[in-house]
file final-v5.txt (compact mmCIF, C-alpha atoms (C1' of nucleotides))
# COMPACT_ATOMS: atom_id res chain seq x y z
CA MET A 7 -11.57 26.47 7.69
CA LYS A 8 -9.99 23.75 5.65
CA GLU A 9 -8.46 20.62 7.10
CA SER A 10 -4.91 21.25 8.16
CA ALA A 11 -2.20 20.62 5.61
CA VAL A 12 -0.53 18.33 8.11
CA LYS A 13 -3.55 16.06 8.34
CA GLU A 14 -3.76 15.86 4.57
CA ARG A 15 -0.10 15.02 4.31
CA ILE A 16 -0.46 12.25 6.88
CA LEU A 17 -3.38 10.64 5.07
CA GLY A 18 -1.77 11.08 1.68
CA THR A 19 1.48 9.49 2.70
CA ALA A 20 -0.21 6.68 4.61
CA SER A 21 -2.48 5.96 1.64
CA ARG A 22 0.44 5.73 -0.72
CA LEU A 23 2.40 3.42 1.56
CA PHE A 24 -0.55 1.23 2.54
CA TYR A 25 -1.29 0.65 -1.12
CA ASP A 26 2.24 0.31 -2.47
CA GLN A 27 3.76 -1.77 0.31
CA GLY A 28 0.82 -3.15 2.24
CA TYR A 29 -0.76 -2.22 5.53
CA HIS A 30 1.13 -4.43 7.95
CA VAL A 31 4.59 -3.77 6.60
CA THR A 32 4.04 -0.03 6.75
CA GLY A 33 5.03 1.33 10.15
CA ILE A 34 4.08 4.55 11.88
CA ASN A 35 7.73 5.52 11.87
CA GLN A 36 7.92 5.36 8.10
CA ILE A 37 4.74 7.38 7.70
CA ILE A 38 5.90 10.23 9.94
CA GLU A 39 9.27 10.30 8.32
CA GLU A 40 8.03 10.39 4.72
CA ALA A 41 5.22 12.78 5.53
CA ASP A 42 7.78 14.86 7.41
CA ILE A 43 5.53 15.51 10.38
CA ALA A 44 5.87 14.98 14.10
CA ARG A 45 4.87 11.77 15.80
CA ALA A 46 2.44 13.54 18.12
CA SER A 47 0.75 15.23 15.17
CA LEU A 48 -0.17 11.89 13.72
CA TYR A 49 -1.65 10.61 16.96
CA ASN A 50 -3.43 13.92 17.41
CA HIS A 51 -5.35 13.50 14.14
CA TYR A 52 -5.60 9.72 14.14
CA PRO A 53 -5.76 8.04 17.56
CA SER A 54 -4.43 4.74 16.22
CA LYS A 55 -3.08 3.07 13.13
CA THR A 56 -6.46 1.42 12.62
CA ASP A 57 -8.18 4.81 12.48
CA LEU A 58 -5.72 5.81 9.81
CA LEU A 59 -6.55 2.67 7.85
CA LEU A 60 -10.28 3.36 7.99
CA ALA A 61 -9.73 6.95 6.91
CA TYR A 62 -7.67 5.64 4.01
CA LEU A 63 -10.46 3.31 2.92
CA ASP A 64 -13.12 6.02 3.21
CA SER A 65 -11.19 8.63 1.25
CA THR A 66 -10.16 6.11 -1.41
CA HIS A 67 -13.77 5.01 -1.80
CA GLU A 68 -15.00 8.55 -2.35
CA CYS A 69 -12.19 9.37 -4.73
CA TRP A 70 -12.76 6.15 -6.69
CA PHE A 71 -16.38 6.90 -7.56
CA ALA A 72 -15.72 10.56 -8.17
CA ASP A 73 -13.12 9.49 -10.74
CA LEU A 74 -15.53 7.00 -12.28
CA ASP A 75 -18.28 9.61 -12.57
CA ALA A 76 -15.90 12.02 -14.24
CA PHE A 77 -14.76 9.29 -16.61
CA LEU A 78 -18.28 8.24 -17.62
CA LYS A 79 -19.72 11.73 -17.87
CA PRO A 80 -18.65 12.52 -21.46
CA ILE A 81 -19.59 9.05 -22.71
CA GLU A 82 -22.79 8.97 -24.78
CA GLY A 83 -25.19 6.05 -24.42
CA ASN A 84 -25.70 3.58 -21.60
CA ARG A 85 -24.25 0.58 -23.40
CA GLU A 86 -21.13 2.64 -24.11
CA LYS A 87 -20.97 3.74 -20.48
CA LEU A 88 -21.07 0.12 -19.37
CA LEU A 89 -18.20 -0.78 -21.65
CA ALA A 90 -16.33 2.33 -20.60
CA ILE A 91 -16.20 1.03 -17.04
CA PHE A 92 -13.79 -1.59 -18.35
CA ASP A 93 -11.70 1.16 -19.93
CA PHE A 94 -11.74 2.99 -16.62
CA ARG A 95 -10.32 -0.01 -14.82
CA VAL A 96 -7.72 -0.56 -17.52
CA GLN A 97 -6.67 3.07 -17.27
CA ARG A 98 -6.36 2.73 -13.51
CA GLN A 99 -4.30 -0.43 -13.79
CA VAL A 100 -1.74 1.44 -15.84
CA LYS A 101 -1.80 4.52 -13.62
CA LEU A 102 -1.41 2.42 -10.46
CA LYS A 103 1.29 0.26 -12.05
CA PHE A 104 -0.72 -2.96 -11.77
CA LYS A 105 -0.68 -3.14 -8.03
CA GLY A 106 -4.31 -4.23 -8.04
CA CYS A 107 -7.54 -3.01 -6.49
CA HIS A 108 -7.10 -1.06 -3.24
CA PHE A 109 -10.00 -2.86 -1.61
CA ASN A 110 -9.08 -6.35 -2.73
CA LYS A 111 -5.61 -5.83 -1.34
CA ILE A 112 -6.77 -4.65 2.03
CA ALA A 113 -9.41 -7.38 2.20
CA ALA A 114 -6.69 -9.97 1.72
CA GLU A 115 -4.62 -8.48 4.49
CA ALA A 116 -7.13 -7.43 7.12
CA SER A 117 -10.33 -9.28 6.31
CA ASP A 118 -10.88 -10.39 9.90
CA ASP A 119 -11.56 -6.80 10.92
CA GLN A 120 -15.28 -6.19 10.55
CA GLU A 121 -14.94 -2.45 10.06
CA VAL A 122 -12.55 -3.05 7.19
CA LEU A 123 -14.65 -5.79 5.66
CA SER A 124 -17.86 -3.76 5.73
CA ARG A 125 -16.13 -0.95 3.85
CA VAL A 126 -14.78 -3.32 1.21
CA ARG A 127 -18.25 -4.80 0.75
CA ALA A 128 -19.83 -1.37 0.49
CA HIS A 129 -17.35 -0.43 -2.20
CA LYS A 130 -18.02 -3.49 -4.34
CA GLN A 131 -21.75 -3.27 -3.75
CA ARG A 132 -21.84 0.29 -4.98
CA LEU A 133 -19.99 -0.61 -8.16
CA ARG A 134 -22.35 -3.48 -8.80
CA ASN A 135 -25.26 -1.07 -8.34
CA VAL A 136 -23.79 1.40 -10.80
CA ILE A 137 -23.57 -1.41 -13.34
CA TYR A 138 -27.08 -2.62 -12.60
CA ASP A 139 -28.59 0.84 -13.01
CA LEU A 140 -26.89 1.26 -16.36
CA VAL A 141 -28.06 -2.19 -17.47
CA VAL A 142 -31.65 -1.34 -16.60
CA GLN A 143 -31.44 1.85 -18.66
CA THR A 144 -29.86 0.10 -21.61
CA THR A 145 -32.82 -0.53 -23.89
CA GLN A 146 -31.15 -1.67 -27.07
CA ARG A 147 -29.13 -4.76 -26.31
CA ARG A 148 -28.90 -8.21 -27.80
CA SER A 149 -28.40 -10.19 -24.60
CA ILE A 150 -30.38 -13.28 -23.72
CA LEU A 151 -29.76 -12.59 -20.02
CA ASP A 152 -32.15 -10.69 -17.78
CA ASN A 153 -31.11 -7.49 -16.00
CA GLU A 154 -29.86 -9.15 -12.82
CA ASN A 155 -27.83 -11.81 -14.58
CA LEU A 156 -26.43 -9.40 -17.10
CA ALA A 157 -25.30 -6.99 -14.40
CA ASP A 158 -23.72 -9.84 -12.45
CA SER A 159 -21.97 -11.14 -15.55
CA LEU A 160 -20.43 -7.78 -16.29
CA PHE A 161 -19.45 -7.25 -12.68
CA LEU A 162 -17.81 -10.66 -12.35
CA LEU A 163 -15.98 -10.32 -15.65
CA LEU A 164 -14.71 -6.93 -14.55
CA GLU A 165 -13.50 -8.17 -11.17
CA GLY A 166 -11.96 -11.26 -12.67
CA GLY A 167 -10.17 -9.23 -15.32
CA VAL A 168 -8.75 -6.80 -12.80
CA ALA A 169 -7.71 -9.56 -10.40
CA ILE A 170 -5.88 -11.55 -13.06
CA GLY A 171 -4.43 -8.47 -14.68
CA GLY A 172 -2.90 -7.45 -11.38
CA MET A 173 -0.98 -10.71 -11.25
CA TYR A 174 0.40 -10.51 -14.76
CA ARG A 175 1.03 -6.78 -14.65
CA SER A 176 -0.90 -6.53 -17.89
CA THR A 177 -4.11 -4.98 -19.14
CA GLU A 178 -4.73 -8.01 -21.30
CA ALA A 179 -7.15 -9.76 -18.95
CA ALA A 180 -9.29 -6.67 -18.38
CA GLU A 181 -9.34 -5.93 -22.10
CA LYS A 182 -10.37 -9.51 -22.78
CA ALA A 183 -13.11 -9.10 -20.20
CA LYS A 184 -14.34 -6.07 -22.11
CA GLN A 185 -14.36 -7.99 -25.38
CA ILE A 186 -16.47 -10.69 -23.80
CA ALA A 187 -18.73 -8.05 -22.31
CA GLU A 188 -19.28 -6.64 -25.79
CA THR A 189 -20.43 -9.99 -27.11
CA ILE A 190 -22.88 -10.70 -24.29
CA LEU A 191 -24.20 -7.16 -24.03
CA MET B 31 12.81 -42.50 3.80
CA LYS B 32 9.93 -40.20 4.42
CA GLU B 33 10.29 -36.59 5.41
CA SER B 34 10.51 -36.15 9.13
CA ALA B 35 7.30 -35.64 11.07
CA VAL B 36 8.77 -32.45 12.50
CA LYS B 37 9.24 -30.92 9.08
CA GLU B 38 5.69 -31.79 8.13
CA ARG B 39 4.35 -30.27 11.31
CA ILE B 40 6.26 -27.05 10.69
CA LEU B 41 4.92 -26.68 7.16
CA GLY B 42 1.42 -27.68 8.19
CA THR B 43 1.24 -25.18 11.01
CA ALA B 44 2.85 -22.41 8.98
CA SER B 45 0.45 -23.05 6.10
CA ARG B 46 -2.56 -22.83 8.36
CA LEU B 47 -1.38 -19.61 9.98
CA PHE B 48 -0.20 -17.95 6.77
CA TYR B 49 -3.60 -18.58 5.24
CA ASP B 50 -5.83 -17.84 8.23
CA GLN B 51 -4.02 -14.80 9.60
CA GLY B 52 -1.78 -13.63 6.81
CA TYR B 53 1.93 -13.96 6.20
CA HIS B 54 3.24 -10.79 7.79
CA VAL B 55 1.27 -11.01 11.01
CA THR B 56 2.37 -14.60 11.57
CA GLY B 57 5.62 -14.72 13.51
CA ILE B 58 8.20 -17.46 13.80
CA ASN B 59 7.50 -17.58 17.51
CA GLN B 60 3.86 -18.43 16.94
CA ILE B 61 4.71 -21.12 14.42
CA ILE B 62 7.16 -22.93 16.68
CA GLU B 63 4.79 -22.70 19.62
CA GLU B 64 1.73 -24.03 17.81
CA ALA B 65 3.71 -26.67 15.95
CA ASP B 66 5.31 -27.55 19.28
CA ILE B 67 8.81 -27.85 17.90
CA ALA B 68 12.12 -26.26 18.74
CA ARG B 69 13.29 -23.03 17.22
CA ALA B 70 16.45 -24.60 15.84
CA SER B 71 14.44 -27.35 14.17
CA LEU B 72 12.57 -24.81 12.12
CA TYR B 73 15.71 -23.03 10.97
CA ASN B 74 17.29 -26.41 10.28
CA HIS B 75 14.59 -27.33 7.76
CA TYR B 76 13.83 -23.83 6.49
CA PRO B 77 16.74 -21.36 6.51
CA SER B 78 14.44 -18.35 6.60
CA LYS B 79 10.82 -17.33 6.86
CA THR B 80 10.81 -16.67 3.13
CA ASP B 81 11.84 -20.26 2.40
CA LEU B 82 8.92 -21.39 4.51
CA LEU B 83 6.61 -19.16 2.51
CA LEU B 84 7.82 -20.58 -0.80
CA ALA B 85 7.45 -24.14 0.51
CA TYR B 86 3.91 -23.24 1.55
CA LEU B 87 3.08 -21.97 -1.92
CA ASP B 88 4.59 -25.01 -3.63
CA SER B 89 2.83 -27.57 -1.47
CA THR B 90 -0.47 -25.70 -1.69
CA HIS B 91 -0.17 -25.56 -5.46
CA GLU B 92 0.39 -29.32 -5.77
CA CYS B 93 -2.38 -30.14 -3.34
CA TRP B 94 -4.79 -27.78 -5.12
CA PHE B 95 -4.52 -29.51 -8.49
CA ALA B 96 -4.47 -32.98 -6.97
CA ASP B 97 -7.79 -32.10 -5.29
CA LEU B 98 -9.16 -30.72 -8.55
CA ASP B 99 -8.18 -33.83 -10.48
CA ALA B 100 -9.82 -36.04 -7.89
CA PHE B 101 -12.94 -33.89 -8.01
CA LEU B 102 -13.23 -33.95 -11.81
CA LYS B 103 -12.33 -37.62 -12.26
CA PRO B 104 -15.82 -39.10 -11.71
CA ILE B 105 -17.53 -36.40 -13.80
CA GLU B 106 -18.67 -37.61 -17.22
CA GLY B 107 -18.35 -35.30 -20.21
CA ASN B 108 -16.10 -32.31 -20.84
CA ARG B 109 -18.82 -29.69 -20.64
CA GLU B 110 -19.84 -31.13 -17.28
CA LYS B 111 -16.23 -31.13 -16.13
CA LEU B 112 -15.93 -27.45 -17.00
CA LEU B 113 -19.01 -26.60 -14.98
CA ALA B 114 -17.83 -28.82 -12.15
CA ILE B 115 -14.78 -26.59 -11.72
CA PHE B 116 -17.20 -23.97 -10.42
CA ASP B 117 -18.61 -26.52 -7.98
CA PHE B 118 -15.09 -27.33 -6.91
CA ARG B 119 -14.41 -23.72 -6.05
CA VAL B 120 -17.74 -23.39 -4.26
CA GLN B 121 -16.97 -26.48 -2.21
CA ARG B 122 -13.58 -25.05 -1.31
CA GLN B 123 -15.04 -21.72 -0.30
CA VAL B 124 -17.21 -23.47 2.25
CA LYS B 125 -14.44 -25.75 3.46
CA LEU B 126 -12.03 -22.83 3.84
CA LYS B 127 -14.67 -20.67 5.50
CA PHE B 128 -14.60 -18.02 2.77
CA LYS B 129 -11.12 -16.79 3.45
CA GLY B 130 -10.44 -16.57 -0.27
CA CYS B 131 -7.91 -18.01 -2.68
CA HIS B 132 -4.53 -18.85 -1.13
CA PHE B 133 -2.67 -17.34 -4.04
CA ASN B 134 -4.71 -14.18 -4.35
CA LYS B 135 -4.16 -13.52 -0.66
CA ILE B 136 -0.43 -13.95 -0.82
CA ALA B 137 -0.22 -11.92 -4.03
CA ALA B 138 -1.91 -9.04 -2.25
CA GLU B 139 0.52 -9.23 0.65
CA ALA B 140 3.86 -10.03 -0.96
CA SER B 141 3.49 -9.21 -4.63
CA ASP B 142 6.76 -7.29 -4.79
CA ASP B 143 8.69 -10.53 -4.25
CA GLN B 144 9.41 -12.02 -7.66
CA GLU B 145 9.67 -15.59 -6.40
CA VAL B 146 6.24 -15.30 -4.86
CA LEU B 147 4.74 -13.60 -7.87
CA SER B 148 6.02 -16.19 -10.32
CA ARG B 149 4.43 -18.96 -8.27
CA VAL B 150 1.11 -17.17 -8.15
CA ARG B 151 1.22 -16.67 -11.89
CA ALA B 152 2.12 -20.29 -12.51
CA HIS B 153 -0.83 -21.39 -10.41
CA LYS B 154 -3.35 -19.26 -12.29
CA GLN B 155 -1.82 -20.11 -15.64
CA ARG B 156 -2.17 -23.80 -14.98
CA LEU B 157 -5.82 -23.43 -14.06
CA ARG B 158 -6.45 -21.43 -17.21
CA ASN B 159 -4.76 -24.21 -19.21
CA VAL B 160 -6.91 -26.89 -17.60
CA ILE B 161 -9.96 -24.89 -18.65
CA TYR B 162 -8.64 -24.31 -22.15
CA ASP B 163 -7.89 -28.00 -22.69
CA LEU B 164 -11.39 -28.95 -21.61
CA VAL B 165 -12.88 -26.28 -23.87
CA VAL B 166 -10.98 -27.63 -26.86
CA GLN B 167 -12.26 -31.13 -26.17
CA THR B 168 -15.83 -29.97 -25.72
CA THR B 169 -17.35 -30.65 -29.12
CA GLN B 170 -21.03 -30.09 -28.48
CA ARG B 171 -21.48 -26.55 -27.28
CA ARG B 172 -23.68 -23.70 -28.32
CA SER B 173 -21.25 -20.85 -27.79
CA ILE B 174 -20.58 -18.14 -30.33
CA LEU B 175 -17.12 -17.64 -28.85
CA ASP B 176 -13.99 -19.32 -30.13
CA ASN B 177 -11.88 -21.58 -27.94
CA GLU B 178 -9.58 -18.89 -26.63
CA ASN B 179 -12.32 -16.44 -25.77
CA LEU B 180 -14.53 -19.08 -24.26
CA ALA B 181 -11.75 -20.35 -22.02
CA ASP B 182 -10.94 -16.81 -20.94
CA SER B 183 -14.58 -16.05 -20.23
CA LEU B 184 -14.93 -19.08 -18.00
CA PHE B 185 -11.66 -18.36 -16.26
CA LEU B 186 -12.51 -14.72 -15.59
CA LEU B 187 -16.01 -15.54 -14.39
CA LEU B 188 -14.57 -18.13 -12.06
CA GLU B 189 -11.96 -15.78 -10.63
CA GLY B 190 -14.45 -12.95 -10.31
CA GLY B 191 -16.93 -15.19 -8.55
CA VAL B 192 -14.40 -16.46 -6.07
CA ALA B 193 -13.01 -12.98 -5.40
CA ILE B 194 -16.41 -11.45 -4.73
CA GLY B 195 -17.63 -14.49 -2.81
CA GLY B 196 -14.68 -14.18 -0.47
CA MET B 197 -15.76 -10.68 0.45
CA TYR B 198 -19.35 -11.52 1.15
CA ARG B 199 -18.60 -14.85 2.81
CA SER B 200 -21.11 -16.39 0.44
CA THR B 201 -21.13 -18.91 -2.39
CA GLU B 202 -23.68 -16.80 -4.23
CA ALA B 203 -21.25 -15.05 -6.54
CA ALA B 204 -19.49 -18.25 -7.61
CA GLU B 205 -22.83 -20.00 -8.16
CA LYS B 206 -23.98 -17.06 -10.22
CA ALA B 207 -20.77 -17.31 -12.21
CA LYS B 208 -21.59 -20.96 -12.90
CA GLN B 209 -25.09 -20.07 -14.07
CA ILE B 210 -23.66 -17.56 -16.49
CA ALA B 211 -21.09 -20.11 -17.63
CA GLU B 212 -23.92 -22.51 -18.42
CA THR B 213 -25.59 -19.99 -20.68
CA ILE B 214 -22.48 -19.07 -22.63
CA LEU B 215 -21.12 -22.60 -22.84
C1' DT C 54 0.19 41.55 25.53
C1' DA C 55 -1.30 37.12 27.43
C1' DG C 56 -3.03 32.82 26.37
C1' DT C 57 -4.43 29.07 23.65
C1' DC C 58 -3.81 25.86 19.99
C1' DG C 59 -1.28 23.22 16.64
C1' DA C 60 3.00 21.48 15.52
C1' DT C 61 7.76 19.62 16.67
C1' DA C 62 11.63 16.84 18.53
C1' DG C 63 12.70 13.17 20.95
C1' DA C 64 12.87 10.06 24.89
C1' DC C 65 10.64 6.09 26.58
C1' DA C 66 8.04 1.68 27.77
C1' DG C 67 6.82 -2.76 26.63
C1' DA C 68 6.30 -5.90 23.51
C1' DG C 69 7.43 -8.36 19.32
C1' DT C 70 10.44 -9.36 15.17
C1' DT C 71 14.03 -12.65 12.70
C1' DG C 72 17.87 -15.17 13.06
C1' DT C 73 22.18 -17.17 15.64
C1' DC C 74 24.35 -19.84 18.96
C1' DT C 75 25.44 -23.01 22.77
C1' DA C 76 24.56 -27.04 25.44
C1' DC C 77 21.93 -31.00 26.22
C1' DT C 78 19.09 -35.10 25.02
C1' DT C 79 16.90 -38.36 22.18
C1' DT C 80 16.74 -41.31 18.23
C1' DA C 81 18.47 -44.05 14.56
C1' DT C 82 21.87 -46.66 12.24
C1' DG C 83 26.29 -49.07 11.04
C1' DC D 178 27.40 -50.72 21.62
C1' DA D 179 29.08 -46.57 19.72
C1' DT D 180 28.78 -42.88 16.75
C1' DA D 181 26.29 -39.60 14.04
C1' DA D 182 22.09 -37.26 13.10
C1' DA D 183 18.00 -34.89 14.60
C1' DG D 184 15.47 -32.59 17.98
C1' DT D 185 15.04 -29.53 22.34
C1' DA D 186 15.39 -25.57 25.43
C1' DG D 187 16.52 -21.21 25.90
C1' DA D 188 19.55 -17.23 25.98
C1' DC D 189 20.82 -13.53 23.10
C1' DA D 190 21.66 -9.68 19.62
C1' DA D 191 19.90 -6.17 17.09
C1' DC D 192 16.08 -4.31 15.54
C1' DT D 193 11.30 -2.67 14.83
C1' DC D 194 6.70 -2.00 16.35
C1' DT D 195 2.72 1.01 18.52
C1' DG D 196 1.49 4.31 21.54
C1' DT D 197 2.48 7.79 25.46
C1' DC D 198 4.55 11.61 27.40
C1' DT D 199 7.32 15.78 28.22
C1' DA D 200 9.15 20.09 26.75
C1' DT D 201 9.58 23.62 23.51
C1' DC D 202 8.32 26.70 19.77
C1' DG D 203 5.63 29.66 16.67
C1' DA D 204 1.27 31.65 15.21
C1' DC D 205 -3.12 33.43 15.77
C1' DT D 206 -6.65 35.52 18.76
C1' DA D 207 -9.06 37.79 22.63

call {"tool": "encode", "arguments": {"input": "final-v5.txt", "output": "structure tokens"}}
result
Amino acid sequence: MKESAVKERILGTASRLFYDQGYHVTGINQIIEEADIARASLYNHYPSKTDLLLAYLDSTHECWFADLDAFLKPIEGNREKLLAIFDFRVQRQVKLKFKGCHFNKIAAEASDDQEVLSRVRAHKQRLRNVIYDLVVQTTQRRSILDNENLADSLFLLLEGGVAIGGMYRSTEAAEKAKQIAETIL
Amino acid sequence: MKESAVKERILGTASRLFYDQGYHVTGINQIIEEADIARASLYNHYPSKTDLLLAYLDSTHECWFADLDAFLKPIEGNREKLLAIFDFRVQRQVKLKFKGCHFNKIAAEASDDQEVLSRVRAHKQRLRNVIYDLVVQTTQRRSILDNENLADSLFLLLEGGVAIGGMYRSTEAAEKAKQIAETIL
DNA sequence: TAGTCGATAGACAGAGTTGTCTACTTTATG
DNA sequence: CATAAAGTAGACAACTCTGTCTATCGACTA
């Protein structure tokens, strides 16, 4: 028994609008119209707009790391995998038309909500852990930094590159971040 | 002939609310109530809410770099000035209670507006230029990177540190970014 | 075949939104 | 002192917002 098509259409439409336009400017009315479903159907599946937001964050989080895993899978070597994370973000920037990181956006708009904030933190923490695990497994590297500092460096460069790239609608910053990563790795 | 106290109070209150709560959730009604001014006074000085937003960005931009200049002035040596920029951001994070960069927040909420976006870009560009100029003037450094790449590294580390720090309500990330900056500088 | 469940259309309440307008009062300046 | 500028209070229009509720319809199941 799969989730109803209606529920999927609600979440899909809401996700698109929350990301493209922003959470607060997206109204329930717009969601039900574009998803072409009844008002009561939405409130049947999601008791409030906040529940819909949390569902959006959860599904985006899962999808994000599933995509990353798929992207890194064919890459040979841990150092190459680390650098490929930058490529992954660059690819996403293009695909998402430079509208920035889903979680950064929502954190800027609804960071007072603890349930939102904890999800944003969990997302970033998991990415940092992925990087750290790869760093630990990377035996042949020329860095003077220890594992912790190297992982943090790569993580901060990545986040900085994506943040700046989102403002300039360009992959330049993230690609620069990768170049720098190559020299310190 | 100084600007009227009313106008200053409008911009001051709006700035505080736009930053603390967000732009879209802050209503005109709340601004006029908390600023304790008349509705018509607001629309006399600022024809629309958007004008108020742009005035907020402009004044924040000017204030930001005036504060930075004052902070860097007593620091001796260009390498030390570069590292002090990290301290400046850390100090601001604490003072602003970790609510993040003014411009990143507004970019996440109103990035479709070109007038907003151009101001955000100008702000980040100017910071990157400040860093670049200091890098060029820093003669004694042990970096393997050229001027351009070194400036970009520092800039991206700084932005990454502030972005992540805002999520964790901690100065740890920005301090880490400074540590890394010290090793590559 | 009867009944339940999911979906739909749409009205509705109550509050909030931006922006305009009128009428009155205070302040400043020639 | 008189006139013009700046500020105040508040009504108002025209929406939009979230969330609830009723009434109806179609499909699947016991």

call {"tool": "interface_residues", "arguments": {"input": "final-v5.txt", "of": "chain B", "to": "chain C", "cutoff": "8 Å", "atoms": "only C-alpha atoms (C1' of nucleotides)", "output": "list in words"}}
result
Gly57, Ile58 and Ser78 of chain B

call {"tool": "interface_residues", "arguments": {"input": "final-v5.txt", "of": "chain B", "to": "chain D", "cutoff": "9 Å", "atoms": "all atoms listed in the file", "output": "ChimeraX atom specification"}}
result
/B:36,67-71

call {"tool": "residues_near_point", "arguments": {"input": "final-v5.txt", "point": "(6.4, 14.6, 5.4)", "cutoff": "9 Å", "atoms": "all atoms listed in the file", "output": "number ranges by chain"}}
result
A: 12, 15-16, 19, 37-44

call {"tool": "write_last_selection", "arguments": {"input": "final-v5.txt", "atoms": "C-alpha atoms", "output": "PDB file, in the coordinates of the input"}}
result
ATOM      1  CA  VAL A  12      -0.530  18.330   8.110  1.00  0.00           C
ATOM      2  CA  ARG A  15      -0.100  15.020   4.310  1.00  0.00           C
ATOM      3  CA  ILE A  16      -0.460  12.250   6.880  1.00  0.00           C
ATOM      4  CA  THR A  19       1.480   9.490   2.700  1.00  0.00           C
ATOM      5  CA  ILE A  37       4.740   7.380   7.700  1.00  0.00           C
ATOM      6  CA  ILE A  38       5.900  10.230   9.940  1.00  0.00           C
ATOM      7  CA  GLU A  39       9.270  10.300   8.320  1.00  0.00           C
ATOM      8  CA  GLU A  40       8.030  10.390   4.720  1.00  0.00           C
ATOM      9  CA  ALA A  41       5.220  12.780   5.530  1.00  0.00           C
ATOM     10  CA  ASP A  42       7.780  14.860   7.410  1.00  0.00           C
ATOM     11  CA  ILE A  43       5.530  15.510  10.380  1.00  0.00           C
ATOM     12  CA  ALA A  44       5.870  14.980  14.100  1.00  0.00           C
TER      13      ALA A  44
END

call {"tool": "residues_around", "arguments": {"input": "final-v5.txt", "residues": "range 167-180 of chain B", "least_positions_apart": "3", "cutoff": "7 Å", "atoms": "only C-alpha atoms (C1' of nucleotides)", "output": "compact mmCIF listing (two decimals) with C-alpha atoms, in the coordinates of the input"}}
result
# COMPACT_ATOMS: atom_id res chain seq x y z
CA ASN B 108 -16.10 -32.31 -20.84
CA ARG B 109 -18.82 -29.69 -20.64
CA ASP B 163 -7.89 -28.00 -22.69
CA LEU B 164 -11.39 -28.95 -21.61
CA SER B 183 -14.58 -16.05 -20.23
CA LEU B 184 -14.93 -19.08 -18.00
CA ILE B 214 -22.48 -19.07 -22.63
CA LEU B 215 -21.12 -22.60 -22.84

call {"tool": "closest_atom_pairs", "arguments": {"input": "final-v5.txt", "of": "chain A", "to": "chain B", "cutoff": "7 Å", "atoms": "all atoms listed in the file", "output": "tab-separated table"}}
result
residue	atom	partner	partner_atom	distance
A:Gly28	CA	B:Glu139	CA	6.3
A:His30	CA	B:His54	CA	6.7
A:Lys111	CA	B:Ala138	CA	5.0
A:Ala114	CA	B:Lys135	CA	5.0
A:Glu115	CA	B:Gly52	CA	6.3
A:Arg127	CA	B:Met197	CA	6.4
A:Ser159	CA	B:Ile210	CA	6.7
A:Leu162	CA	B:Gly190	CA	4.5
A:Leu163	CA	B:Leu187	CA	5.4
A:Glu165	CA	B:Gly190	CA	4.9
A:Gly166	CA	B:Gly190	CA	3.8
A:Gly167	CA	B:Leu186	CA	6.0
A:Met173	CA	B:Arg151	CA	6.4
A:Tyr174	CA	B:Arg151	CA	6.8
A:Ile186	CA	B:Ser183	CA	6.7

call {"tool": "write_last_selection", "arguments": {"input": "final-v5.txt", "atoms": "C-alpha atoms", "output": "PDB file, in the coordinates of the input"}}
result
ATOM      1  CA  GLY A  28       0.820  -3.150   2.240  1.00  0.00           C
ATOM      2  CA  HIS A  30       1.130  -4.430   7.950  1.00  0.00           C
ATOM      3  CA  LYS A 111      -5.610  -5.830  -1.340  1.00  0.00           C
ATOM      4  CA  ALA A 114      -6.690  -9.970   1.720  1.00  0.00           C
ATOM      5  CA  GLU A 115      -4.620  -8.480   4.490  1.00  0.00           C
ATOM      6  CA  ARG A 127     -18.250  -4.800   0.750  1.00  0.00           C
ATOM      7  CA  SER A 159     -21.970 -11.140 -15.550  1.00  0.00           C
ATOM      8  CA  LEU A 162     -17.810 -10.660 -12.350  1.00  0.00           C
ATOM      9  CA  LEU A 163     -15.980 -10.320 -15.650  1.00  0.00           C
ATOM     10  CA  GLU A 165     -13.500  -8.170 -11.170  1.00  0.00           C
ATOM     11  CA  GLY A 166     -11.960 -11.260 -12.670  1.00  0.00           C
ATOM     12  CA  GLY A 167     -10.170  -9.230 -15.320  1.00  0.00           C
ATOM     13  CA  MET A 173      -0.980 -10.710 -11.250  1.00  0.00           C
ATOM     14  CA  TYR A 174       0.400 -10.510 -14.760  1.00  0.00           C
ATOM     15  CA  ILE A 186     -16.470 -10.690 -23.800  1.00  0.00           C
TER      16      ILE A 186
END

call {"tool": "atom_distance", "arguments": {"input": "final-v5.txt", "atom1": "CA of Val122 in chain A", "atom2": "CA of Lys208 in chain B"}}
result
28.4 Å

call {"tool": "atom_distance", "arguments": {"input": "final-v5.txt", "atom1": "CA of Leu48 in chain A", "atom2": "CA of Glu14 in chain A"}}
result
10.6 Å

call {"tool": "atom_distance", "arguments": {"input": "final-v5.txt", "atom1": "CA of Asp64 in chain A", "atom2": "CA of Lys103 in chain A"}}
result
21.8 Å
